[in-house]
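Raw run05.txt, compact mmCIF, C-alpha atoms:
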# COMPACT_ATOMS: atom_id res chain seq x y z
CA MET O 1 29.87 -1.65 5.93
CA LYS O 2 26.89 0.14 4.44
CA PRO O 3 26.84 0.31 0.59
CA TYR O 4 26.38 4.09 0.37
CA ARG O 5 26.74 3.85 -3.42
CA ASN O 6 23.20 2.51 -3.47
CA ILE O 7 21.89 5.72 -1.96
CA TRP O 8 23.45 7.88 -4.67
CA LEU O 9 22.27 5.53 -7.41
CA MET O 10 18.75 5.54 -5.98
CA TYR O 11 18.87 9.33 -5.90
CA ALA O 12 19.86 9.41 -9.59
CA ILE O 13 17.12 6.91 -10.48
CA ALA O 14 14.58 8.97 -8.54
CA PHE O 15 15.65 12.11 -10.42
CA LEU O 16 15.25 10.46 -13.83
CA GLN O 17 11.93 8.85 -12.96
CA GLY O 18 10.73 12.18 -11.66
CA MET O 19 11.11 13.60 -15.17
CA VAL O 20 7.57 12.93 -16.32
CA PHE O 21 7.29 15.55 -19.05
CA TYR O 22 3.55 15.03 -19.53
CA GLY O 23 2.90 15.52 -15.80
CA PRO O 24 1.29 18.98 -16.09
CA ILE O 25 -1.32 17.67 -18.54
CA ALA O 26 -1.63 13.99 -17.52
CA THR O 27 -5.43 14.10 -17.56
CA LEU O 28 -5.65 16.27 -20.69
CA TYR O 29 -3.19 13.91 -22.44
CA ARG O 30 -5.52 11.00 -21.78
CA GLN O 31 -8.64 12.94 -22.72
CA ALA O 32 -7.02 14.00 -26.00
CA ALA O 33 -6.44 10.30 -26.70
CA GLY O 34 -10.13 9.55 -26.29
CA ILE O 35 -10.91 8.58 -22.68
CA ASN O 36 -13.01 10.44 -20.08
CA ILE O 37 -12.41 11.13 -16.40
CA PHE O 38 -14.40 8.13 -15.14
CA GLN O 39 -12.48 5.83 -17.49
CA ILE O 40 -9.27 7.32 -16.12
CA THR O 41 -10.23 6.61 -12.51
CA LEU O 42 -11.61 3.19 -13.51
CA ILE O 43 -8.23 2.31 -15.02
CA GLU O 44 -6.58 3.52 -11.81
CA SER O 45 -8.84 1.26 -9.75
CA ILE O 46 -8.14 -1.72 -12.02
CA SER O 47 -4.45 -0.96 -11.64
CA LEU O 48 -4.72 -0.96 -7.86
CA ALA O 49 -6.68 -4.22 -7.93
CA LEU O 50 -3.93 -5.81 -10.01
CA CYS O 51 -1.37 -4.49 -7.55
CA LEU O 52 -3.21 -6.45 -4.86
CA LEU O 53 -3.04 -9.56 -7.02
CA PHE O 54 0.66 -9.20 -7.77
CA GLU O 55 1.79 -8.22 -4.25
CA LEU O 56 1.81 -11.81 -2.93
CA PRO O 57 4.08 -13.32 -5.60
CA TRP O 58 6.26 -10.23 -5.86
CA GLY O 59 6.88 -9.87 -2.13
CA ILE O 60 7.98 -13.51 -2.00
CA VAL O 61 10.06 -13.29 -5.19
CA ALA O 62 11.86 -10.12 -4.05
CA ASP O 63 12.94 -11.74 -0.80
CA ARG O 64 14.05 -14.88 -2.67
CA ILE O 65 15.97 -13.43 -5.63
CA GLY O 66 17.20 -10.27 -3.91
CA TYR O 67 16.37 -6.61 -4.17
CA LYS O 68 18.76 -5.71 -7.01
CA LYS O 69 17.36 -8.26 -9.47
CA THR O 70 13.85 -7.16 -8.56
CA MET O 71 14.71 -3.52 -9.25
CA VAL O 72 16.39 -4.31 -12.57
CA PHE O 73 13.43 -6.30 -13.88
CA CYS O 74 10.79 -3.88 -12.64
CA PHE O 75 12.46 -0.74 -13.93
CA MET O 76 13.07 -2.30 -17.33
CA LEU O 77 9.35 -3.05 -17.43
CA TYR O 78 8.67 0.51 -16.24
CA PHE O 79 10.59 1.73 -19.28
CA ILE O 80 8.43 -0.44 -21.56
CA SER O 81 5.25 0.86 -19.92
CA LYS O 82 6.24 4.43 -20.80
CA ILE O 83 6.65 3.41 -24.43
CA VAL O 84 3.12 1.98 -24.34
CA PHE O 85 1.81 5.20 -22.76
CA TRP O 86 3.55 7.30 -25.42
CA LYS O 87 1.83 5.33 -28.20
CA ALA O 88 -1.51 4.73 -26.42
CA ASP O 89 -4.70 5.73 -28.24
CA GLY O 90 -7.93 4.93 -26.44
CA PHE O 91 -9.01 2.94 -23.40
CA GLY O 92 -7.18 -0.28 -24.35
CA GLY O 93 -3.79 1.35 -24.74
CA PHE O 94 -3.91 3.19 -21.44
CA LEU O 95 -5.26 0.11 -19.68
CA THR O 96 -2.33 -1.93 -21.03
CA GLU O 97 0.11 0.69 -19.76
CA ARG O 98 -1.50 0.56 -16.33
CA ILE O 99 -1.40 -3.24 -16.23
CA LEU O 100 2.36 -3.10 -16.83
CA LEU O 101 2.64 -0.36 -14.23
CA SER O 102 0.78 -2.55 -11.72
CA ILE O 103 3.42 -5.25 -12.12
CA VAL O 104 6.11 -2.63 -11.58
CA ILE O 105 4.52 -0.97 -8.56
CA SER O 106 3.82 -4.25 -6.78
CA GLY O 107 7.34 -5.45 -7.58
CA VAL O 108 9.09 -2.33 -6.34
CA SER O 109 6.74 -1.96 -3.37
CA GLY O 110 8.87 -2.12 -0.26
CA VAL O 111 12.00 -2.92 -2.25
CA ASP O 112 13.13 0.63 -3.05
CA SER O 113 12.61 1.78 0.53
CA SER O 114 14.28 -1.39 1.83
CA ILE O 115 17.38 -0.71 -0.29
CA LEU O 116 17.58 2.82 1.10
CA TYR O 117 16.84 1.71 4.66
CA LEU O 118 19.48 -1.04 4.61
CA SER O 119 22.07 1.16 2.88
CA CYS O 120 22.14 3.94 5.48
CA LYS O 121 22.51 4.37 9.23
CA LYS O 122 19.24 3.75 11.03
CA ASP O 123 19.10 7.23 12.59
CA GLN O 124 19.40 8.77 9.11
CA SER O 125 16.67 6.80 7.35
CA GLN O 126 13.88 9.38 7.43
CA LYS O 127 16.33 12.03 6.22
CA VAL O 128 17.38 9.73 3.35
CA PHE O 129 13.73 9.09 2.46
CA GLY O 130 13.11 12.83 2.47
CA ILE O 131 16.04 13.53 0.16
CA TYR O 132 14.93 10.67 -2.11
CA ASN O 133 11.49 12.25 -2.51
CA TYR O 134 13.10 15.70 -2.84
CA ILE O 135 15.29 14.60 -5.74
CA GLN O 136 12.41 12.88 -7.51
CA THR O 137 10.43 16.09 -7.20
CA THR O 138 13.40 18.04 -8.58
CA GLY O 139 13.31 15.87 -11.69
CA LEU O 140 9.60 16.54 -12.03
CA LEU O 141 10.25 20.26 -11.64
CA ILE O 142 12.78 20.33 -14.45
CA ALA O 143 10.43 18.34 -16.68
CA SER O 144 7.64 20.81 -15.90
CA VAL O 145 9.81 23.77 -16.89
CA VAL O 146 10.70 22.07 -20.17
CA PHE O 147 7.02 21.39 -20.83
CA SER O 148 5.94 24.97 -20.14
CA LEU O 149 8.73 26.59 -22.17
CA PHE O 150 9.14 24.24 -25.11
CA ILE O 151 6.61 21.40 -25.33
CA LYS O 152 3.33 23.21 -24.54
CA ASP O 153 0.59 21.59 -26.69
CA ASN O 154 2.76 18.82 -28.17
CA TYR O 155 1.53 16.04 -25.88
CA ARG O 156 3.21 13.18 -27.74
CA LEU O 157 6.62 14.85 -27.53
CA ALA O 158 6.14 14.99 -23.76
CA GLY O 159 5.47 11.26 -23.81
CA PHE O 160 8.59 10.53 -25.87
CA LEU O 161 10.92 12.53 -23.62
CA THR O 162 9.53 10.64 -20.63
CA VAL O 163 10.41 7.36 -22.38
CA CYS O 164 14.03 8.54 -22.75
CA SER O 165 14.32 9.48 -19.08
CA TYR O 166 12.92 6.17 -17.86
CA GLY O 167 15.26 4.26 -20.14
CA LEU O 168 18.27 5.88 -18.46
CA ALA O 169 16.82 5.14 -15.02
CA ALA O 170 16.40 1.48 -15.92
CA ALA O 171 20.05 1.28 -17.00
CA LEU O 172 21.26 2.65 -13.65
CA THR O 173 19.63 -0.20 -11.71
CA LEU O 174 22.32 -2.50 -13.13
CA LEU O 175 24.88 -0.72 -10.93
CA LEU O 176 23.09 -1.31 -7.60
CA VAL O 177 24.69 -3.44 -4.87
CA GLU O 178 22.61 -6.22 -3.28
CA VAL O 179 21.71 -5.52 0.37
CA LYS O 180 19.26 -8.37 0.98
CA GLY O 181 20.75 -10.63 3.64
CA GLU O 182 20.12 -14.35 3.82
CA SER O 183 17.22 -15.19 6.14
CA GLU O 184 16.97 -18.53 7.87
CA VAL O 185 13.62 -19.25 6.30
CA ARG O 186 12.96 -18.15 2.74
CA PRO O 187 9.48 -16.68 2.42
CA GLY O 188 6.76 -18.73 0.77
CA VAL O 189 2.99 -18.72 0.64
CA SER O 190 2.73 -20.08 4.18
CA GLU O 191 5.05 -17.38 5.54
CA PHE O 192 3.14 -14.73 3.61
CA LEU O 193 -0.19 -15.94 5.01
CA ALA O 194 1.27 -16.07 8.51
CA LEU O 195 2.45 -12.46 8.19
CA LEU O 196 -0.89 -11.43 6.70
CA LYS O 197 -2.73 -13.07 9.60
CA ARG O 198 -0.51 -11.27 12.10
CA ILE O 199 -1.05 -7.90 10.45
CA VAL O 200 -4.82 -8.37 10.16
CA LYS O 201 -4.92 -9.19 13.87
CA THR O 202 -2.88 -6.08 14.66
CA LYS O 203 -5.75 -3.60 14.61
CA HIS O 204 -3.65 -0.53 15.31
CA LEU O 205 -1.44 -1.28 12.28
CA LEU O 206 -4.52 -1.63 10.07
CA LEU O 207 -5.67 1.78 11.28
CA PHE O 208 -2.28 3.25 10.42
CA LEU O 209 -2.31 1.79 6.90
CA ALA O 210 -5.86 3.00 6.29
CA ALA O 211 -4.86 6.47 7.47
CA VAL O 212 -1.92 6.48 5.07
CA ALA O 213 -4.11 5.31 2.19
CA LEU O 214 -6.77 7.98 2.70
CA LEU O 215 -4.29 10.87 2.58
CA ASN O 216 -2.24 9.32 -0.23
CA GLU O 217 -5.21 8.65 -2.51
CA THR O 218 -6.80 12.03 -1.84
CA HIS O 219 -3.57 13.71 -2.89
CA GLN O 220 -3.05 11.41 -5.88
CA THR O 221 -6.53 11.81 -7.34
CA ILE O 222 -6.92 15.53 -6.77
CA THR O 223 -3.42 16.80 -7.60
CA VAL O 224 -2.79 14.46 -10.56
CA PHE O 225 -6.20 14.19 -12.24
CA LEU O 226 -8.92 16.46 -10.87
CA ASN O 227 -6.78 19.58 -10.53
CA GLN O 228 -6.58 19.98 -14.30
CA LEU O 229 -10.37 19.83 -14.58
CA GLN O 230 -10.58 22.49 -11.87
CA TYR O 231 -8.13 24.71 -13.76
CA VAL O 232 -9.92 24.29 -17.10
CA LYS O 233 -13.25 25.04 -15.43
CA ASN O 234 -11.75 28.31 -14.20
CA GLY O 235 -10.49 29.25 -17.68
CA LEU O 236 -6.76 28.55 -17.40
CA SER O 237 -4.72 27.70 -20.53
CA ASN O 238 -2.31 24.79 -20.98
CA THR O 239 0.63 27.17 -20.61
CA ALA O 240 -0.77 28.53 -17.34
CA ILE O 241 -1.42 24.98 -16.12
CA GLY O 242 2.20 24.15 -16.91
CA TYR O 243 3.53 27.04 -14.83
CA ILE O 244 1.18 26.17 -11.98
CA TYR O 245 2.46 22.62 -12.13
CA ILE O 246 5.97 23.99 -11.63
CA LEU O 247 4.82 25.77 -8.46
CA VAL O 248 3.13 22.63 -7.19
CA THR O 249 6.25 20.62 -7.96
CA LEU O 250 8.41 23.15 -6.10
CA ALA O 251 6.10 22.76 -3.11
CA GLY O 252 6.87 19.06 -3.17
CA LEU O 253 10.52 19.82 -2.45
CA LEU O 254 9.51 20.82 1.07
CA GLY O 255 9.27 17.12 1.92
CA VAL O 256 12.99 17.24 2.74
CA PHE O 257 12.04 19.10 5.95
CA SER O 258 9.83 16.26 7.17
CA ASP O 259 12.46 14.76 9.47
CA GLY O 260 13.31 18.06 11.16
CA LEU O 261 9.67 19.03 11.66
CA THR O 262 8.82 15.60 13.05
CA ARG O 263 11.62 15.87 15.59
CA LYS O 264 10.54 19.38 16.55
CA LEU O 265 6.77 18.88 16.75
CA GLY O 266 6.52 15.17 17.49
CA ILE O 267 4.67 12.61 15.40
CA GLN O 268 1.18 13.33 16.74
CA LYS O 269 1.22 17.13 16.39
CA PHE O 270 2.86 16.92 12.98
CA ALA O 271 0.30 14.40 11.71
CA VAL O 272 -2.62 16.49 12.99
CA LEU O 273 -1.18 19.52 11.19
CA LEU O 274 -0.77 17.65 7.89
CA TYR O 275 -4.18 15.97 7.84
CA THR O 276 -5.91 19.20 8.86
CA ALA O 277 -4.10 21.15 6.15
CA ALA O 278 -5.09 18.55 3.54
CA ALA O 279 -8.74 18.64 4.63
CA THR O 280 -8.71 22.45 4.50
CA ALA O 281 -7.29 22.36 0.97
CA CYS O 282 -10.07 20.03 -0.20
CA LEU O 283 -12.71 22.24 1.44
CA LEU O 284 -11.40 25.35 -0.33
CA LEU O 285 -11.36 23.52 -3.68
CA GLY O 286 -15.00 22.60 -3.20
CA LEU O 287 -16.05 26.12 -2.29
CA THR O 288 -14.08 28.33 -4.70
CA ASN O 289 -14.46 29.36 -8.33
CA SER O 290 -11.24 31.36 -8.20
CA PRO O 291 -8.33 29.90 -10.21
CA TRP O 292 -5.78 31.40 -7.84
CA LEU O 293 -7.44 30.12 -4.68
CA SER O 294 -7.62 26.74 -6.40
CA VAL O 295 -3.87 26.93 -7.00
CA VAL O 296 -3.22 27.80 -3.35
CA SER O 297 -5.36 24.86 -2.25
CA ILE O 298 -3.56 22.42 -4.54
CA LEU O 299 -0.25 23.74 -3.20
CA LEU O 300 -1.41 23.16 0.37
CA LEU O 301 -2.49 19.61 -0.41
CA ARG O 302 0.81 18.91 -2.16
CA ILE O 303 2.87 20.23 0.75
CA SER O 304 0.91 18.15 3.24
CA PHE O 305 1.48 14.99 1.22
CA SER O 306 5.18 15.71 0.59
CA LEU O 307 5.89 16.22 4.28
CA PHE O 308 3.89 13.11 5.18
CA GLN O 309 5.63 10.67 2.82
CA PRO O 310 9.04 10.40 4.54
CA LEU O 311 7.28 10.07 7.90
CA GLN O 312 4.89 7.32 6.87
CA THR O 313 7.68 5.43 5.06
CA GLU O 314 9.82 5.60 8.18
CA LEU O 315 6.95 4.43 10.39
CA GLN O 316 6.17 1.51 8.10
CA ASN O 317 9.79 0.36 8.15
CA ARG O 318 9.96 0.66 11.94
CA GLN O 319 7.01 -1.68 12.30
CA VAL O 320 8.66 -4.47 10.28
CA ILE O 321 9.49 -7.36 12.65
CA THR O 322 10.81 -10.07 10.28
CA SER O 323 13.90 -10.38 8.09
CA ASN O 324 11.66 -10.62 5.01
CA ARG O 325 11.18 -6.89 4.85
CA ALA O 326 9.90 -6.71 1.26
CA THR O 327 7.23 -9.34 1.94
CA GLU O 328 5.99 -7.55 5.03
CA LEU O 329 5.93 -4.15 3.31
CA SER O 330 4.12 -5.75 0.36
CA ILE O 331 1.33 -6.81 2.70
CA ASN O 332 1.10 -3.22 3.90
CA ALA O 333 0.82 -2.12 0.26
CA ILE O 334 -2.00 -4.60 -0.34
CA ILE O 335 -4.03 -3.04 2.44
CA ILE O 336 -3.26 0.51 1.28
CA ASP O 337 -4.17 -0.33 -2.32
CA GLY O 338 -7.38 -1.99 -1.18
CA VAL O 339 -8.51 1.27 0.35
CA GLY O 340 -7.35 3.15 -2.76
CA ILE O 341 -9.53 1.07 -5.10
CA THR O 342 -12.64 2.24 -3.27
CA THR O 343 -11.64 5.90 -3.01
CA ASN O 344 -10.65 6.09 -6.70
CA LEU O 345 -14.03 4.82 -7.87
CA ILE O 346 -15.80 7.24 -5.54
CA TYR O 347 -13.75 10.20 -6.74
CA GLY O 348 -14.20 9.28 -10.40
CA ARG O 349 -17.96 8.78 -10.23
CA LEU O 350 -18.48 12.00 -8.28
CA ALA O 351 -16.30 13.96 -10.73
CA GLU O 352 -18.52 12.81 -13.61
CA VAL O 353 -21.46 14.44 -11.83
CA ASN O 354 -19.77 17.64 -10.65
CA ILE O 355 -16.13 18.55 -10.00
CA ILE O 356 -17.12 20.04 -6.63
CA MET O 357 -18.36 16.76 -5.16
CA PRO O 358 -15.05 14.84 -5.04
CA MET O 359 -13.43 17.84 -3.36
CA PHE O 360 -15.89 17.66 -0.47
CA SER O 361 -15.41 13.91 -0.26
CA GLY O 362 -11.69 14.63 0.11
CA VAL O 363 -12.49 16.61 3.26
CA PHE O 364 -14.28 13.58 4.71
CA PHE O 365 -11.48 11.17 3.79
CA CYS O 366 -8.77 13.38 5.31
CA ILE O 367 -10.68 13.78 8.57
CA LEU O 368 -11.31 10.04 8.68
CA GLY O 369 -7.61 9.44 8.01
CA LEU O 370 -6.65 11.69 10.92
CA LEU O 371 -9.02 9.80 13.21
CA PHE O 372 -7.45 6.49 12.18
CA PHE O 373 -3.94 7.89 12.70
CA LYS O 374 -4.76 9.05 16.23
CA LEU O 375 -6.31 5.68 17.06
CA TRP O 376 -3.14 4.00 15.77
CA GLN O 377 -1.00 6.15 18.03
CA ARG O 378 -3.20 5.31 20.97
CA GLY O 379 -2.79 1.63 20.11
CA ILE O 380 1.01 1.69 20.09
CA LYS O 381 1.11 4.17 22.99
CA GLY O 382 4.08 5.95 21.45
CA THR O 383 6.55 3.64 23.19
CA VAL O 384 8.79 2.87 20.21
CA PHE O 385 8.05 5.92 18.08
CA ARG O 386 9.36 8.76 20.18
CA TYR O 387 11.94 10.78 18.33
CA THR O 388 15.29 11.34 19.93
CA LYS O 389 18.26 13.22 18.58
CA PRO O 390 20.83 10.84 17.08
CA ARG O 391 24.10 10.41 18.97
CA ASN O 392 27.09 12.11 17.43
Show me the file's structure as structure tokens.
Amino acid sequence: MKPYRNIWLMYAIAFLQGMVFYGPIATLYRQAAGINIFQITLIESISLALCLLFELPWGIVADRIGYKKTMVFCFMLYFISKIVFWKADGFGGFLTERILLSIVISGVSGVDSSILYLSCKKDQSQKVFGIYNYIQTTGLLIASVVFSLFIKDNYRLAGFLTVCSYGLAAALTLLLVEVKGESEVRPGVSEFLALLKRIVKTKHLLLFLAAVALLNETHQTITVFLNQLQYVKNGLSNTAIGYIYILVTLAGLLGVFSDGLTRKLGIQKFAVLLYTAAATACLLLGLTNSPWLSVVSILLLRISFSLFQPLQTELQNRQVITSNRATELSINAIIIDGVGITTNLIYGRLAEVNIIMPMFSGVFFCILGLLFFKLWQRGIKGTVFRYTKPRN
């Protein structure tokens, strides 16, 4: 019998971890504490590099000790990282926070989605992933409203409230039910290397992971960091930025429709639509000096990403062939993060020169991602990824 309690607990955890009260001014928060945009993206790249380093041991540990224990440890550490962020002052503090976050991300990588995937019926998994992202976005929306109405310029208060939310989320992990079954062979370094070798030899899977990384990192860098520079350049205040962030967060709720749209349009048409929309958004950001057109473009990029996430998570889980799901998904994360290290450094260096330049590079990365996605589909020939309506 499926432990449906896990799904509701994961939804609650997602809601609480979505409540990042400093989200609307994440870049401005860091700049006020003494670091510049290149240092921010450099820290992000270091964080991704550390994620690569930690993925091997964490993927093995998660499959050995179970998913619940992994979640408990990682989310307790997540809570600590938010305390560090709240108190951070300068490059060293924010780097320390990101180092802790790297341990968390690599530890949770594949584990959270595995818990959801193994706790629901297989024909409902993409829907569950969509709701999971929807609820996390709802938490972010509420936090954004609180920021715009009450916090405003008090950056440190935003950091403190985020600490409180993440503390509650960490406590809820103690109530999860273990869903990791016993595999005949417990994963070790040799099993990890064997899986890595298989994935590296599977060229179409590499193309898929690269495609995912290019869209993910374009969205992450532009909508989390560079958007605020674009708004400030166009003369918007912190209060206005907060309200815009609410709109962008609301747009993220549309991810819940990913499953229905995928079934209606098919994977290929839906992917083409999302990558094209993301590339168009980046192009508009590079061309415009209008604050409102910038907002529309950020909204478009956010919607594209939000609709893509449940789909790519579902497709990654479908391509797992071993019982050591967390280990296999961790290898996927290594490849995705490897691409992200490069794109982050490119975006950061270009932003130091001119805010327009990383926007145009986003166009290139989205088009390249679409090309990789189509090549992946050609490689798997769509045989096991056709959507059918679930049986009643």
task = For atom CA of O:Phe129 and atom CA of O:Cys74, determine how far apart the two atoms are, in Å to one decimal place.
result =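 Computing it gives 20.1 Å between the two atoms.
Nearest residue to O:Met19, choosing from O:Tyr155, O:Tyr166, O:Tyr4, O:Phe79 and counting all atoms listed in the file: O:Tyr166.
Counting only C-alpha atoms, the residue from O:Thr173, O:Thr262, O:Ser361, O:Gln39 that sits nearest to O:Thr280 is O:Ser361.
Atom pair atom CA of O:Ile336 / atom CA of O:Gln220: separated by 13.0 Å.
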task = Considering only C-alpha atoms, state which residue in the set O:Val61, O:Leu56, O:Val363, O:Leu274 is at the smallest distance from O:Val212.
result =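 Ranked by minimum distance to O:Val212, first place goes to O:Leu274.
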Shortest interatomic distance to O:Val146 - which of O:Val72, O:Thr239, O:Gly130, O:Glu217, counting all atoms listed in the file =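 The closest residue to O:Val146 is O:Thr239.
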message = Excluding O:Ile131 and its own-chain neighbours fewer than 3 positions away, which residues fall within 12 Å of it when counting only C-alpha atoms? Please give them as a ChimeraX atom specification.
response = /O:7-8,10-12,14-15,116,124-128,134-138,252-259,306-307,309-310
task = Pick out the residues sitting within 12 Å of O:Ile334, and hand them over as a ChimeraX atom specification; count only C-alpha atoms, and ignore anything fewer than 5 positions along from it in its own chain.
result = /O:48-59,102,105-107,109-110,196,199-200,206,209-210,213,327-329,339-341
Contacts of stretch 242-247 of chain O within 6 Å, all atoms listed in the file, excl. fewer than 5 positions in-chain, as a list in words =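 The residues that qualify are Pro24, Leu141, Ser144 and Ser148 of chain O.
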Using 9 Å as the limit and counting all atoms listed in the file, can you tabulate each residue of stretch 133-223 of chain O that touches stretch 80-83 of chain O, with its shortest atom-to-atom distance in Å and the two atoms involved, as a tab-separated table?
residue	atom	partner	partner_atom	distance
O:Gly159	CA	O:Lys82	CA	7.5
O:Phe160	CA	O:Ile83	CA	7.5
O:Thr162	CA	O:Lys82	CA	7.0
O:Val163	CA	O:Lys82	CA	5.3
O:Tyr166	CA	O:Lys82	CA	7.5
O:Gly167	CA	O:Ile80	CA	8.4
note = Taken to one decimal, the atom CA of O:Ala240-atom CA of O:Asn154 distance is 15.0 Å
query = Of the candidates O:Arg64, O:Asn216, O:Leu95, O:Ala171, which one gets nearest to O:Asp337 if we count only C-alpha atoms?
reply =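 Result for the nearest residue to O:Asp337: O:Asn216.
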request  = Excluding O:Ala271 and any residue of its chain fewer than 6 positions from it, enumerate the residues within 10 Å of it, using all atoms listed in the file, and give them as a ChimeraX atom specification.
outcome  = /O:262,265,277,304,307-308,311-312,370,373-374
inquiry  = Using all atoms listed in the file for the distances, tell me which of O:Phe208, O:Tyr29, O:Phe365, O:Tyr22 is nearest to O:Arg378.
reply    =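 Under the stated criterion, the closest residue is O:Phe208.
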Box dimensions and centre (Å, one decimal) enclosing stretch 154-165 of chain O, axis-aligned, 4 Å extra per side, as lines of an AutoDock Vina configuration file:
center_x = 7.9
center_y = 13.1
center_z = -23.6
size_x = 20.8
size_y = 19.5
size_z = 17.1
query = So which residues touch O:Leu345 within 9 Å, counting all atoms listed in the file, skipping near sequence neighbours fewer than 6 positions away, as a PyMOL selection string?
reply = chain O and resi 38+41-42+44-45
